$ cat protein.txt   # compact mmCIF, C-alpha atoms
# COMPACT_ATOMS: atom_id res chain seq x y z
CA MET D 1 303.34 141.02 323.04
CA SER D 2 299.60 140.73 322.75
CA GLU D 3 297.60 137.97 321.13
CA GLY D 4 294.72 138.48 318.71
CA THR D 5 292.22 136.90 316.39
CA GLY D 6 289.27 138.01 314.37
CA ALA D 7 286.94 136.80 317.12
CA SER D 8 286.07 138.49 320.40
CA PRO D 9 288.79 139.68 322.81
CA LEU D 10 287.76 136.88 325.16
CA ASP D 11 288.26 134.26 322.43
CA ALA D 12 291.59 135.85 321.54
CA GLY D 13 292.75 135.66 325.14
CA VAL D 14 291.78 132.00 325.46
CA ARG D 15 293.45 131.05 322.20
CA GLY D 16 296.55 133.03 323.15
CA ALA D 17 296.77 131.28 326.52
CA VAL D 18 296.35 127.87 324.87
CA HIS D 19 299.04 128.70 322.33
CA ARG D 20 301.52 129.81 325.00
CA ARG D 21 300.78 126.67 327.02
CA ILE D 22 301.43 124.42 324.04
CA VAL D 23 304.69 126.21 323.21
CA ARG D 24 305.85 125.81 326.80
CA LEU D 25 304.82 122.14 326.83
CA TRP D 26 306.69 121.43 323.61
CA HIS D 27 309.82 123.49 324.09
CA ALA D 28 310.45 124.30 327.76
CA ALA D 29 312.65 121.92 329.74
CA ASP D 30 309.97 121.46 332.43
CA GLY D 31 306.98 121.63 330.06
CA VAL D 32 305.89 118.00 330.22
CA SER D 33 306.80 117.49 333.87
CA SER D 34 304.63 120.46 334.84
CA LEU D 35 301.49 118.69 333.62
CA PRO D 36 299.21 116.84 336.03
CA ALA D 37 299.83 113.08 335.86
CA PRO D 38 296.46 112.24 334.21
CA ALA D 39 296.99 114.83 331.45
CA ARG D 40 300.56 113.70 330.90
CA GLY D 41 299.45 110.07 330.68
CA ALA D 42 296.69 110.89 328.21
CA LEU D 43 299.06 112.81 325.93
CA GLN D 44 301.61 109.99 326.09
CA LEU D 45 298.88 107.57 325.02
CA PHE D 46 297.82 109.83 322.15
CA SER D 47 301.47 110.08 321.04
CA LYS D 48 301.69 106.27 320.88
CA VAL D 49 298.49 106.14 318.84
CA TYR D 50 299.88 108.86 316.55
CA GLU D 51 303.13 106.91 316.06
CA ALA D 52 301.25 103.72 315.17
CA GLY D 53 299.16 105.63 312.62
CA LEU D 54 302.29 107.28 311.25
CA ARG D 55 303.95 103.90 310.64
CA ARG D 56 300.91 102.58 308.79
CA ASN D 57 300.56 105.72 306.69
CA GLN D 58 304.23 105.80 305.73
CA GLN D 59 304.18 102.12 304.79
CA ARG D 60 301.16 102.72 302.52
CA GLN D 61 302.93 105.62 300.84
CA ILE D 62 306.10 103.61 300.28
CA GLU D 63 304.12 100.75 298.74
CA SER D 64 302.55 103.13 296.17
CA ARG D 65 305.73 105.11 295.58
CA LEU D 66 306.19 106.63 292.11
CA ARG D 67 309.19 108.11 290.29
CA LEU D 68 308.53 111.01 287.95
CA PRO D 69 310.74 111.94 284.96
CA ALA D 70 312.33 114.89 286.73
CA THR D 71 314.74 115.60 289.54
CA VAL D 72 312.81 115.79 292.82
CA VAL D 73 314.09 117.84 295.76
CA SER D 74 312.22 117.78 299.07
CA ILE D 75 312.50 120.69 301.53
CA GLY D 76 310.84 119.64 304.78
CA ASN D 77 311.09 119.51 308.53
CA LEU D 78 310.70 117.17 311.47
CA VAL D 79 308.65 119.34 313.82
CA ALA D 80 305.30 121.11 313.77
CA GLY D 81 305.69 124.85 313.44
CA GLY D 82 307.88 127.09 311.35
CA THR D 83 311.51 126.43 310.48
CA GLY D 84 311.66 128.90 307.60
CA LYS D 85 310.96 126.56 304.67
CA THR D 86 309.36 129.13 302.37
CA PRO D 87 312.41 131.45 302.10
CA LEU D 88 314.63 128.44 301.42
CA VAL D 89 312.30 127.06 298.73
CA LEU D 90 312.40 130.47 297.03
CA TRP D 91 316.19 130.65 297.39
CA ILE D 92 316.65 127.21 295.81
CA ALA D 93 314.20 128.00 292.98
CA GLU D 94 316.12 131.18 292.15
CA HIS D 95 319.47 129.37 292.34
CA LEU D 96 318.31 126.59 290.01
CA GLN D 97 316.97 129.08 287.50
CA ARG D 98 320.40 130.72 287.34
CA LEU D 99 321.82 127.29 286.49
CA GLY D 100 319.45 127.01 283.52
CA ARG D 101 317.09 124.48 285.10
CA SER D 102 313.28 124.69 284.88
CA PRO D 103 311.99 124.23 288.43
CA ALA D 104 308.39 123.99 289.63
CA ILE D 105 307.26 124.23 293.26
CA LEU D 106 304.78 121.66 294.57
CA SER D 107 302.84 122.49 297.73
CA ARG D 108 299.98 120.81 299.51
CA GLY D 109 298.47 124.27 300.06
CA TYR D 110 297.65 124.37 303.76
CA GLY D 111 294.30 126.04 304.46
CA ARG D 112 293.19 126.18 300.81
CA SER D 113 289.51 125.92 299.93
CA THR D 114 289.96 124.51 296.42
CA LYS D 115 290.30 120.72 296.28
CA GLU D 116 291.61 120.39 292.75
CA THR D 117 295.23 120.12 291.66
CA SER D 118 295.86 123.65 290.40
CA GLU D 119 298.57 126.01 289.25
CA VAL D 120 298.58 129.10 291.46
CA PRO D 121 298.16 132.37 289.51
CA ALA D 122 300.98 134.87 289.74
CA THR D 123 298.57 137.82 289.37
CA GLY D 124 295.15 138.75 290.70
CA ASP D 125 293.48 139.41 294.05
CA LEU D 126 295.87 138.27 296.76
CA SER D 127 293.50 137.71 299.68
CA ARG D 128 291.00 135.80 297.51
CA GLN D 129 293.76 133.62 296.10
CA ALA D 130 295.16 133.00 299.59
CA SER D 131 291.75 131.61 300.55
CA LEU D 132 291.59 129.45 297.43
CA PHE D 133 295.16 128.11 297.31
CA GLY D 134 296.72 128.83 300.73
CA ASP D 135 298.86 131.78 301.81
CA GLU D 136 302.29 130.20 301.30
CA PRO D 137 301.65 128.98 297.73
CA VAL D 138 300.27 132.40 296.75
CA LEU D 139 303.29 134.14 298.25
CA MET D 140 305.67 131.76 296.46
CA ALA D 141 303.82 132.22 293.15
CA ARG D 142 304.39 135.99 293.39
CA LYS D 143 307.96 135.86 294.65
CA ALA D 144 309.22 132.98 292.50
CA SER D 145 307.55 133.97 289.19
CA PRO D 146 308.08 132.79 286.46
CA VAL D 147 308.68 129.56 288.39
CA PRO D 148 305.25 127.86 288.52
CA VAL D 149 303.68 126.86 291.84
CA TRP D 150 301.22 123.98 291.96
CA VAL D 151 298.97 122.91 294.84
CA GLY D 152 297.44 119.52 295.41
CA ARG D 153 297.17 116.86 298.08
CA ASP D 154 298.74 114.25 295.75
CA ARG D 155 302.08 115.61 294.64
CA ARG D 156 302.49 112.79 292.16
CA ARG D 157 299.56 114.33 290.29
CA SER D 158 300.71 117.94 290.63
CA GLY D 159 304.24 116.89 289.64
CA ARG D 160 302.96 115.28 286.44
CA ALA D 161 300.87 118.37 285.73
CA SER D 162 303.85 120.71 286.14
CA ILE D 163 305.95 118.57 283.79
CA LEU D 164 303.25 118.34 281.10
CA ALA D 165 302.10 121.97 281.35
CA GLY D 166 305.43 123.76 281.62
CA GLY D 167 308.21 121.27 280.99
CA ALA D 168 309.53 121.37 284.55
CA ASP D 169 312.72 119.33 284.90
CA ILE D 170 313.16 119.74 288.66
CA LEU D 171 310.39 119.59 291.25
CA LEU D 172 310.70 121.27 294.64
CA LEU D 173 308.48 119.64 297.28
CA ASP D 174 307.54 122.30 299.80
CA ASP D 175 307.16 120.57 303.19
CA GLY D 176 307.86 117.22 301.56
CA PHE D 177 309.75 115.14 304.13
CA GLN D 178 306.61 113.25 305.20
CA HIS D 179 305.35 112.87 301.60
CA LEU D 180 306.87 109.46 300.84
CA ALA D 181 304.64 108.51 297.89
CA LEU D 182 306.94 110.40 295.50
CA VAL D 183 310.52 109.21 295.02
CA ARG D 184 312.93 112.08 295.62
CA ASP D 185 316.56 112.54 294.61
CA LEU D 186 317.44 114.92 297.42
CA ASP D 187 315.89 115.21 300.89
CA LEU D 188 316.71 118.41 302.79
CA VAL D 189 315.42 118.66 306.37
CA LEU D 190 315.30 121.97 308.22
CA LEU D 191 315.71 122.20 312.00
CA ASP D 192 315.59 125.29 314.20
CA ALA D 193 319.16 125.84 315.41
CA ARG D 194 317.89 127.21 318.72
CA ASN D 195 315.92 124.08 319.68
CA PRO D 196 315.92 121.36 316.99
CA PHE D 197 313.60 118.80 318.63
CA GLY D 198 311.69 120.63 321.36
CA ASN D 199 311.02 118.19 324.20
CA GLY D 200 311.81 115.24 321.93
CA SER D 201 308.27 113.80 321.99
CA LEU D 202 305.89 113.03 319.14
CA LEU D 203 302.64 114.91 318.60
CA PRO D 204 300.61 115.82 320.60
CA LEU D 205 302.93 115.47 323.63
CA GLY D 206 305.72 117.18 321.70
CA PRO D 207 306.32 118.95 318.39
CA LEU D 208 307.85 116.01 316.49
CA ARG D 209 305.96 114.89 313.39
CA GLU D 210 308.06 111.72 313.30
CA PRO D 211 310.87 110.24 315.43
CA VAL D 212 314.30 111.87 315.42
CA ALA D 213 315.80 108.60 314.15
CA HIS D 214 313.96 109.17 310.84
CA LEU D 215 316.52 111.86 310.01
CA GLU D 216 318.60 108.94 308.75
CA ARG D 217 316.71 109.13 305.45
CA ALA D 218 317.59 112.82 305.00
CA ASP D 219 320.43 113.61 302.60
CA ALA D 220 321.35 116.76 304.49
CA ILE D 221 320.25 118.74 307.55
CA ILE D 222 320.02 122.52 307.53
CA LEU D 223 319.98 124.39 310.82
CA THR D 224 317.93 127.57 310.31
CA ARG D 225 317.82 130.70 312.47
CA ALA D 226 321.45 130.13 313.40
CA ASP D 227 321.93 133.72 314.59
CA ASP D 228 323.46 132.62 317.89
CA SER D 229 326.64 130.97 316.64
CA GLY D 230 327.35 129.34 320.00
CA THR D 231 323.97 127.59 320.21
CA ALA D 232 324.06 126.68 316.52
CA GLU D 233 327.50 125.09 316.77
CA LYS D 234 326.51 123.21 319.93
CA ASN D 235 323.48 121.70 318.20
CA ARG D 236 325.47 121.09 315.02
CA ALA D 237 328.01 119.09 317.02
CA MET D 238 325.17 117.13 318.64
CA LEU D 239 323.73 116.24 315.23
CA GLU D 240 327.16 115.23 313.92
CA ARG D 241 327.44 112.77 316.81
CA MET D 242 323.93 111.43 316.19
CA PHE D 243 324.28 111.17 312.39
CA PRO D 244 327.98 110.89 311.58
CA GLY D 245 328.89 111.70 308.01
CA LYS D 246 325.59 113.41 307.17
CA PRO D 247 326.09 116.86 305.58
CA LEU D 248 325.11 119.69 307.92
CA PHE D 249 324.70 123.36 307.01
CA CYS D 250 323.70 126.47 308.96
CA CYS D 251 321.83 129.53 307.74
CA ARG D 252 319.99 132.52 309.11
CA HIS D 253 317.03 134.58 307.96
CA ARG D 254 318.37 138.04 307.28
CA LEU D 255 315.97 140.97 307.18
CA SER D 256 317.37 142.80 304.16
CA GLY D 257 314.86 145.66 304.13
CA PHE D 258 311.20 146.56 303.69
CA ARG D 259 308.80 146.91 300.79
CA ALA D 260 305.48 148.61 300.19
CA GLY D 261 303.47 145.46 299.54
CA LEU D 262 305.31 142.62 297.81
CA GLY D 263 306.64 144.33 294.73
CA GLY D 264 307.63 147.79 295.88
CA ALA D 265 311.20 149.04 295.80
CA LEU D 266 313.38 147.70 298.59
CA ILE D 267 313.68 150.20 301.44
CA PRO D 268 316.96 149.78 303.35
CA ALA D 269 316.38 148.86 306.99
CA SER D 270 318.80 151.59 308.05
CA SER D 271 316.49 154.29 306.65
CA LEU D 272 313.76 153.34 309.16
CA ARG D 273 316.00 153.26 312.22
CA GLY D 274 314.29 154.93 315.18
CA ARG D 275 310.88 155.17 313.49
CA ARG D 276 307.91 154.24 315.69
CA ALA D 277 306.38 151.01 314.39
CA LEU D 278 303.57 148.63 315.23
CA ALA D 279 304.09 145.10 313.91
CA PHE D 280 301.66 142.22 313.60
CA ALA D 281 302.06 138.64 312.42
CA GLY D 282 300.12 135.40 312.14
CA ILE D 283 302.97 132.93 311.67
CA ALA D 284 304.36 129.96 313.57
CA SER D 285 307.19 131.93 315.24
CA PRO D 286 306.08 135.57 315.57
CA ASP D 287 308.61 136.34 318.29
CA SER D 288 311.48 135.67 315.88
CA PHE D 289 309.96 138.12 313.41
CA PHE D 290 309.49 140.82 316.05
CA GLU D 291 313.04 140.35 317.31
CA SER D 292 314.42 140.71 313.79
CA LEU D 293 312.62 144.06 313.52
CA ARG D 294 314.18 145.28 316.77
CA GLU D 295 317.62 144.29 315.51
CA THR D 296 317.24 146.64 312.53
CA GLY D 297 316.86 149.59 314.90
CA VAL D 298 313.15 150.13 314.25
CA ASN D 299 311.44 151.45 317.39
CA LEU D 300 308.94 148.62 317.85
CA ILE D 301 306.40 150.18 320.21
CA ALA D 302 303.91 147.29 320.04
CA SER D 303 303.44 143.86 318.48
CA ILE D 304 300.29 141.83 317.94
CA SER D 305 300.35 138.06 317.39
CA PHE D 306 297.71 136.08 315.54
CA PRO D 307 297.52 132.31 315.06
CA ASP D 308 299.48 130.81 312.17
CA HIS D 309 297.69 131.18 308.79
CA HIS D 310 295.14 133.49 310.47
CA PRO D 311 292.41 134.76 308.08
CA TYR D 312 292.17 138.47 308.83
CA ALA D 313 288.64 139.69 309.55
CA PRO D 314 287.22 143.24 309.79
CA GLY D 315 287.54 143.12 313.58
CA ASP D 316 291.26 142.47 313.25
CA MET D 317 291.63 145.45 310.95
CA LEU D 318 289.85 147.70 313.42
CA ARG D 319 292.01 146.48 316.26
CA ILE D 320 295.24 147.06 314.37
CA ALA D 321 294.13 150.52 313.20
CA ALA D 322 292.99 151.52 316.69
CA ALA D 323 296.24 150.38 318.28
CA SER D 324 298.25 152.24 315.66
CA ALA D 325 296.30 155.45 316.26
CA ASP D 326 296.43 155.18 320.07
CA LEU D 327 300.17 154.59 320.09
CA GLN D 328 300.87 157.11 317.33
CA SER D 329 302.91 154.65 315.32
CA GLU D 330 304.46 155.91 312.12
CA LEU D 331 304.69 152.50 310.46
CA LEU D 332 302.66 149.31 310.22
CA ILE D 333 304.87 146.29 309.48
CA THR D 334 303.98 142.67 308.83
CA THR D 335 305.38 139.58 307.14
CA GLN D 336 304.95 138.88 303.45
CA LYS D 337 303.02 135.71 304.29
CA ASP D 338 300.56 137.80 306.32
CA PHE D 339 300.33 140.42 303.60
CA VAL D 340 298.69 138.04 301.11
CA ARG D 341 295.88 137.40 303.64
CA LEU D 342 295.09 141.07 304.22
CA PRO D 343 292.13 142.94 302.69
CA ASP D 344 293.06 145.55 300.09
CA VAL D 345 292.38 148.44 302.45
CA LEU D 346 295.13 147.31 304.84
CA GLN D 347 297.53 146.16 302.11
CA GLN D 348 297.83 149.78 301.06
CA ALA D 349 298.89 150.86 304.55
CA VAL D 350 301.58 148.36 305.53
CA LEU D 351 305.21 147.63 304.88
CA THR D 352 306.40 144.05 304.55
CA ALA D 353 309.71 142.70 305.78
CA GLU D 354 311.97 141.20 303.10
CA LEU D 355 313.63 138.08 304.53
CA ARG D 356 316.50 136.42 302.70
CA ILE D 357 318.36 133.19 303.41
CA ASP D 358 322.00 133.76 304.34
CA PHE D 359 324.27 130.69 304.54
CA GLY D 360 327.26 132.79 305.58
CA ARG D 361 330.44 130.74 305.58
CA HIS D 362 328.45 127.66 304.49
CA HIS D 363 327.30 129.31 301.25
CA GLU D 364 329.83 127.82 298.86
CA ALA D 365 329.65 124.38 300.47
CA PHE D 366 325.86 124.26 300.27
CA CYS D 367 325.78 125.48 296.66
CA SER D 368 328.35 122.85 295.66
CA PHE D 369 326.37 120.14 297.47
CA LEU D 370 323.08 121.20 295.88
CA ASP D 371 324.54 121.54 292.39
CA ALA D 372 326.21 118.14 292.56
CA LYS D 373 323.07 116.39 293.78
CA CYS D 374 320.82 118.03 291.21
CA SER D 375 323.17 117.31 288.31
CA LEU D 376 323.29 113.60 289.13
CA HIS D 377 319.59 113.06 288.48
CA GLY D 378 316.81 114.03 286.17
CA GLY D 379 317.32 116.54 283.42
CA PRO D 380 314.79 117.41 280.74
CA PRO D 381 312.00 114.83 281.11
CA PHE D 382 311.12 114.61 277.42

$ encode --input "protein.txt" --output "structure tokens"
Amino acid sequence: MSEGTGASPLDAGVRGAVHRRIVRLWHAADGVSSLPAPARGALQLFSKVYEAGLRRNQQRQIESRLRLPATVVSIGNLVAGGTGKTPLVLWIAEHLQRLGRSPAILSRGYGRSTKETSEVPATGDLSRQASLFGDEPVLMARKASPVPVWVGRDRRRSGRASILAGGADILLLDDGFQHLALVRDLDLVLLDARNPFGNGSLLPLGPLREPVAHLERADAIILTRADDSGTAEKNRAMLERMFPGKPLFCCRHRLSGFRAGLGGALIPASSLRGRRALAFAGIASPDSFFESLRETGVNLIASISFPDHHPYAPGDMLRIAAASADLQSELLITTQKDFVRLPDVLQQAVLTAELRIDFGRHHEAFCSFLDAKCSLHGGPPF
């Protein structure tokens, strides 16, 4: 796998090396111990400072906590990096619609340039909107439509706006576990089944955004990317010992096929088996995406990684096109989150992977749990 950015190859190499070093530090068993003592001590000090700031910030949020006249469901995580929240938010929104509820999705809108509380359009220029509102909210607005998606730093404000503008009776907080200023009726926390806590340390020494003990306030834990049943069950048993009685569910992200863009007809993965493909991605866990492509039988001849939420520049387009031509790839494949950040000229040339949440044997249990929790609270706010 190669690393890339829109900057010079030298910059890309440096950023790639830094990224790999951080991943090793956070997730490898010997990551922290491999650091020189002064660096390890400095990071430990910064983690203590971070924890003190976290406590103060959470206390301030709790003191100003507000309840809105709607059911509030938070879908969040405990670690920095991707645990697959966006597909689950979309899955829950679709499920609730089938039940006759009127959900709205509330996102902070990471990387957005607009500062106002705004509803994200479901039509228009994708790359421009991704810059304005953030790539994940734009993707959700397209995939979840007609469910509205709102962005704003203060989700009390965006929640009110979604209720007043569209009559939302259930609010889905995307990445909401740390957003304590809004009272929620259901707190779902996602953990990566392969390595739930990394090295177990708080930022920046480790990937934890808050201590593991804070999972006590979660109503349920969902282990994502549970493809390896042995590892998933081992970590599930560990969590059951740590948090006895807390509901635990496992799911995986299943690549169900490919699309031309976001709205094209679904192309079965089996029809592309053996085809030569070059894939690229700027997400938190690109290796998982590339591995899922290999599992479909696509002949992945090369993969290019970019930083998470990477804004694609002309130099990136040239690099991808040149690599595709040199390697004689038949297909260019990327994620749907990357697609919304691409210029029009490249959007017309790529396929996107359609990922769906699959709860497997936990499907009925999770649906029953979700339905029961959502029916106990809220309802039409007016």

$ closest_atom_pairs --input "protein.txt" --of "segment 85-183 of chain D" --to "segment 355-379 of chain D" --cutoff "12 Å" --atoms "all atoms listed in the file" --output "JSON lines"
{"residue": "D:Lys85", "atom": "CA", "partner": "D:Ile357", "partner_atom": "CA", "distance": 10.0}
{"residue": "D:Thr86", "atom": "CA", "partner": "D:Ile357", "partner_atom": "CA", "distance": 9.9}
{"residue": "D:Pro87", "atom": "CA", "partner": "D:Ile357", "partner_atom": "CA", "distance": 6.3}
{"residue": "D:Leu88", "atom": "CA", "partner": "D:Ile357", "partner_atom": "CA", "distance": 6.4}
{"residue": "D:Val89", "atom": "CA", "partner": "D:Ile357", "partner_atom": "CA", "distance": 9.8}
{"residue": "D:Leu90", "atom": "CA", "partner": "D:Ile357", "partner_atom": "CA", "distance": 9.1}
{"residue": "D:Trp91", "atom": "CA", "partner": "D:Ile357", "partner_atom": "CA", "distance": 6.9}
{"residue": "D:Ile92", "atom": "CA", "partner": "D:Leu370", "partner_atom": "CA", "distance": 8.8}
{"residue": "D:Ala93", "atom": "CA", "partner": "D:Leu370", "partner_atom": "CA", "distance": 11.6}
{"residue": "D:Glu94", "atom": "CA", "partner": "D:Ile357", "partner_atom": "CA", "distance": 11.7}
{"residue": "D:His95", "atom": "CA", "partner": "D:Cys367", "partner_atom": "CA", "distance": 8.6}
{"residue": "D:Leu96", "atom": "CA", "partner": "D:Asp371", "partner_atom": "CA", "distance": 8.4}
{"residue": "D:Gln97", "atom": "CA", "partner": "D:Asp371", "partner_atom": "CA", "distance": 11.8}
{"residue": "D:Arg98", "atom": "CA", "partner": "D:Asp371", "partner_atom": "CA", "distance": 11.3}
{"residue": "D:Leu99", "atom": "CA", "partner": "D:Asp371", "partner_atom": "CA", "distance": 8.7}
{"residue": "D:Gly100", "atom": "CA", "partner": "D:Gly379", "partner_atom": "CA", "distance": 10.7}
{"residue": "D:Arg101", "atom": "CA", "partner": "D:Gly379", "partner_atom": "CA", "distance": 8.1}
{"residue": "D:Ser102", "atom": "CA", "partner": "D:Gly379", "partner_atom": "CA", "distance": 9.2}
{"residue": "D:Pro103", "atom": "CA", "partner": "D:Gly379", "partner_atom": "CA", "distance": 10.6}
{"residue": "D:Lys143", "atom": "CA", "partner": "D:Leu355", "partner_atom": "CA", "distance": 11.6}
{"residue": "D:Ile163", "atom": "CA", "partner": "D:Gly379", "partner_atom": "CA", "distance": 11.6}
{"residue": "D:Gly167", "atom": "CA", "partner": "D:Gly379", "partner_atom": "CA", "distance": 10.5}
{"residue": "D:Ala168", "atom": "CA", "partner": "D:Gly379", "partner_atom": "CA", "distance": 9.2}
{"residue": "D:Asp169", "atom": "CA", "partner": "D:Gly379", "partner_atom": "CA", "distance": 5.6}
{"residue": "D:Ile170", "atom": "CA", "partner": "D:Gly378", "partner_atom": "CA", "distance": 7.2}
{"residue": "D:Leu171", "atom": "CA", "partner": "D:Gly378", "partner_atom": "CA", "distance": 9.9}
{"residue": "D:Leu172", "atom": "CA", "partner": "D:Cys374", "partner_atom": "CA", "distance": 11.2}
{"residue": "D:Val183", "atom": "CA", "partner": "D:His377", "partner_atom": "CA", "distance": 11.8}

$ closest_residue --input "protein.txt" --among "D:Ser256, D:Ser303, D:Ser324, D:Ser271" --to "Ala353 of chain D" --atoms "all atoms listed in the file"
D:Ser256

$ closest_residue --input "protein.txt" --among "D:Val189, D:Leu332, D:Ala144, D:Leu173" --to "Ile222 of chain D" --atoms "all atoms listed in the file"
D:Val189

$ residues_around --input "protein.txt" --residues "Ala269 of chain D" --least-positions-apart "2" --cutoff "8 Å" --atoms "all atoms listed in the file" --output "VMD selection string"
chain D and resid 255 to 258 267 271 to 273 296 to 297

$ residues_around --input "protein.txt" --residues "Arg40 of chain D" --least-positions-apart "5" --cutoff "12 Å" --atoms "all atoms listed in the file" --output "PDB file with C-alpha atoms, in the coordinates of the input"
ATOM      1  CA  LEU D  25     304.820 122.140 326.830  1.00  0.00           C
ATOM      2  CA  GLY D  31     306.980 121.630 330.060  1.00  0.00           C
ATOM      3  CA  VAL D  32     305.890 118.000 330.220  1.00  0.00           C
ATOM      4  CA  SER D  33     306.800 117.490 333.870  1.00  0.00           C
ATOM      5  CA  SER D  34     304.630 120.460 334.840  1.00  0.00           C
ATOM      6  CA  LEU D  35     301.490 118.690 333.620  1.00  0.00           C
ATOM      7  CA  LEU D  45     298.880 107.570 325.020  1.00  0.00           C
ATOM      8  CA  PHE D  46     297.820 109.830 322.150  1.00  0.00           C
ATOM      9  CA  SER D  47     301.470 110.080 321.040  1.00  0.00           C
ATOM     10  CA  SER D 201     308.270 113.800 321.990  1.00  0.00           C
ATOM     11  CA  PRO D 204     300.610 115.820 320.600  1.00  0.00           C
ATOM     12  CA  LEU D 205     302.930 115.470 323.630  1.00  0.00           C
ATOM     13  CA  GLY D 206     305.720 117.180 321.700  1.00  0.00           C
TER      14      GLY D 206
END

$ atom_distance --input "protein.txt" --atom1 "atom CA of Lys246 of chain D" --atom2 "atom CA of Ala220 of chain D"
6.0 Å

$ closest_residue --input "protein.txt" --among "D:Leu180, D:Leu190, D:Val138, D:Val73" --to "Val340 of chain D" --atoms "only C-alpha atoms"
D:Val138

$ atom_distance --input "protein.txt" --atom1 "atom CA of Gly230 of chain D" --atom2 "atom CA of Asn195 of chain D"
12.6 Å

$ closest_residue --input "protein.txt" --among "D:Val72, D:Ser118, D:Ala232, D:His179" --to "Ala161 of chain D" --atoms "all atoms listed in the file"
D:Ser118

$ closest_residue --input "protein.txt" --among "D:Ala181, D:Ala260, D:Ala104, D:Met238" --to "Leu164 of chain D" --atoms "all atoms listed in the file"
D:Ala104

$ atom_distance --input "protein.txt" --atom1 "atom CA of Val212 of chain D" --atom2 "atom CA of Ala28 of chain D"
17.9 Å

$ decode --input "protein.txt" --residues "segment 133-137 of chain D" --atoms "all heavy atoms" --output "mmCIF file, in the first residue's frame"
data_model
loop_
_atom_site.group_PDB
_atom_site.id
_atom_site.type_symbol
_atom_site.label_atom_id
_atom_site.label_comp_id
_atom_site.auth_asym_id
_atom_site.auth_seq_id
_atom_site.Cartn_x
_atom_site.Cartn_y
_atom_site.Cartn_z
ATOM 1 N N PHE D 133 -20.116 21.492 4.248
ATOM 2 C CA PHE D 133 -20.805 20.825 5.352
ATOM 3 C C PHE D 133 -20.049 19.632 5.937
ATOM 4 O O PHE D 133 -20.454 19.134 6.992
ATOM 5 C CB PHE D 133 -22.182 20.347 4.883
ATOM 6 C CG PHE D 133 -23.044 21.430 4.307
ATOM 7 C CD1 PHE D 133 -23.293 21.498 2.948
ATOM 8 C CD2 PHE D 133 -23.599 22.402 5.130
ATOM 9 C CE1 PHE D 133 -24.083 22.495 2.417
ATOM 10 C CE2 PHE D 133 -24.400 23.409 4.610
ATOM 11 C CZ PHE D 133 -24.640 23.468 3.249
ATOM 12 N N GLY D 134 -18.971 19.170 5.281
ATOM 13 C CA GLY D 134 -18.282 17.970 5.717
ATOM 14 C C GLY D 134 -18.690 16.778 4.873
ATOM 15 O O GLY D 134 -19.828 16.675 4.419
ATOM 16 N N ASP D 135 -17.742 15.866 4.639
ATOM 17 C CA ASP D 135 -18.017 14.749 3.728
ATOM 18 C C ASP D 135 -19.063 13.776 4.263
ATOM 19 O O ASP D 135 -19.958 13.343 3.534
ATOM 20 C CB ASP D 135 -16.722 14.008 3.362
ATOM 21 C CG ASP D 135 -15.908 13.566 4.569
ATOM 22 O OD1 ASP D 135 -16.379 13.712 5.718
ATOM 23 O OD2 ASP D 135 -14.778 13.078 4.368
ATOM 24 N N GLU D 136 -19.000 13.432 5.559
ATOM 25 C CA GLU D 136 -19.948 12.467 6.094
ATOM 26 C C GLU D 136 -21.381 12.989 6.101
ATOM 27 O O GLU D 136 -22.306 12.260 5.706
ATOM 28 C CB GLU D 136 -19.507 12.027 7.490
ATOM 29 C CG GLU D 136 -18.252 11.161 7.449
ATOM 30 C CD GLU D 136 -17.685 10.874 8.829
ATOM 31 O OE1 GLU D 136 -18.143 11.511 9.808
ATOM 32 O OE2 GLU D 136 -16.784 10.025 8.923
ATOM 33 N N PRO D 137 -21.642 14.241 6.530
ATOM 34 C CA PRO D 137 -23.015 14.743 6.442
ATOM 35 C C PRO D 137 -23.561 14.776 5.019
ATOM 36 O O PRO D 137 -24.742 14.464 4.788
ATOM 37 C CB PRO D 137 -22.906 16.162 7.026
ATOM 38 C CG PRO D 137 -21.732 16.107 7.941
ATOM 39 C CD PRO D 137 -20.769 15.185 7.267
#
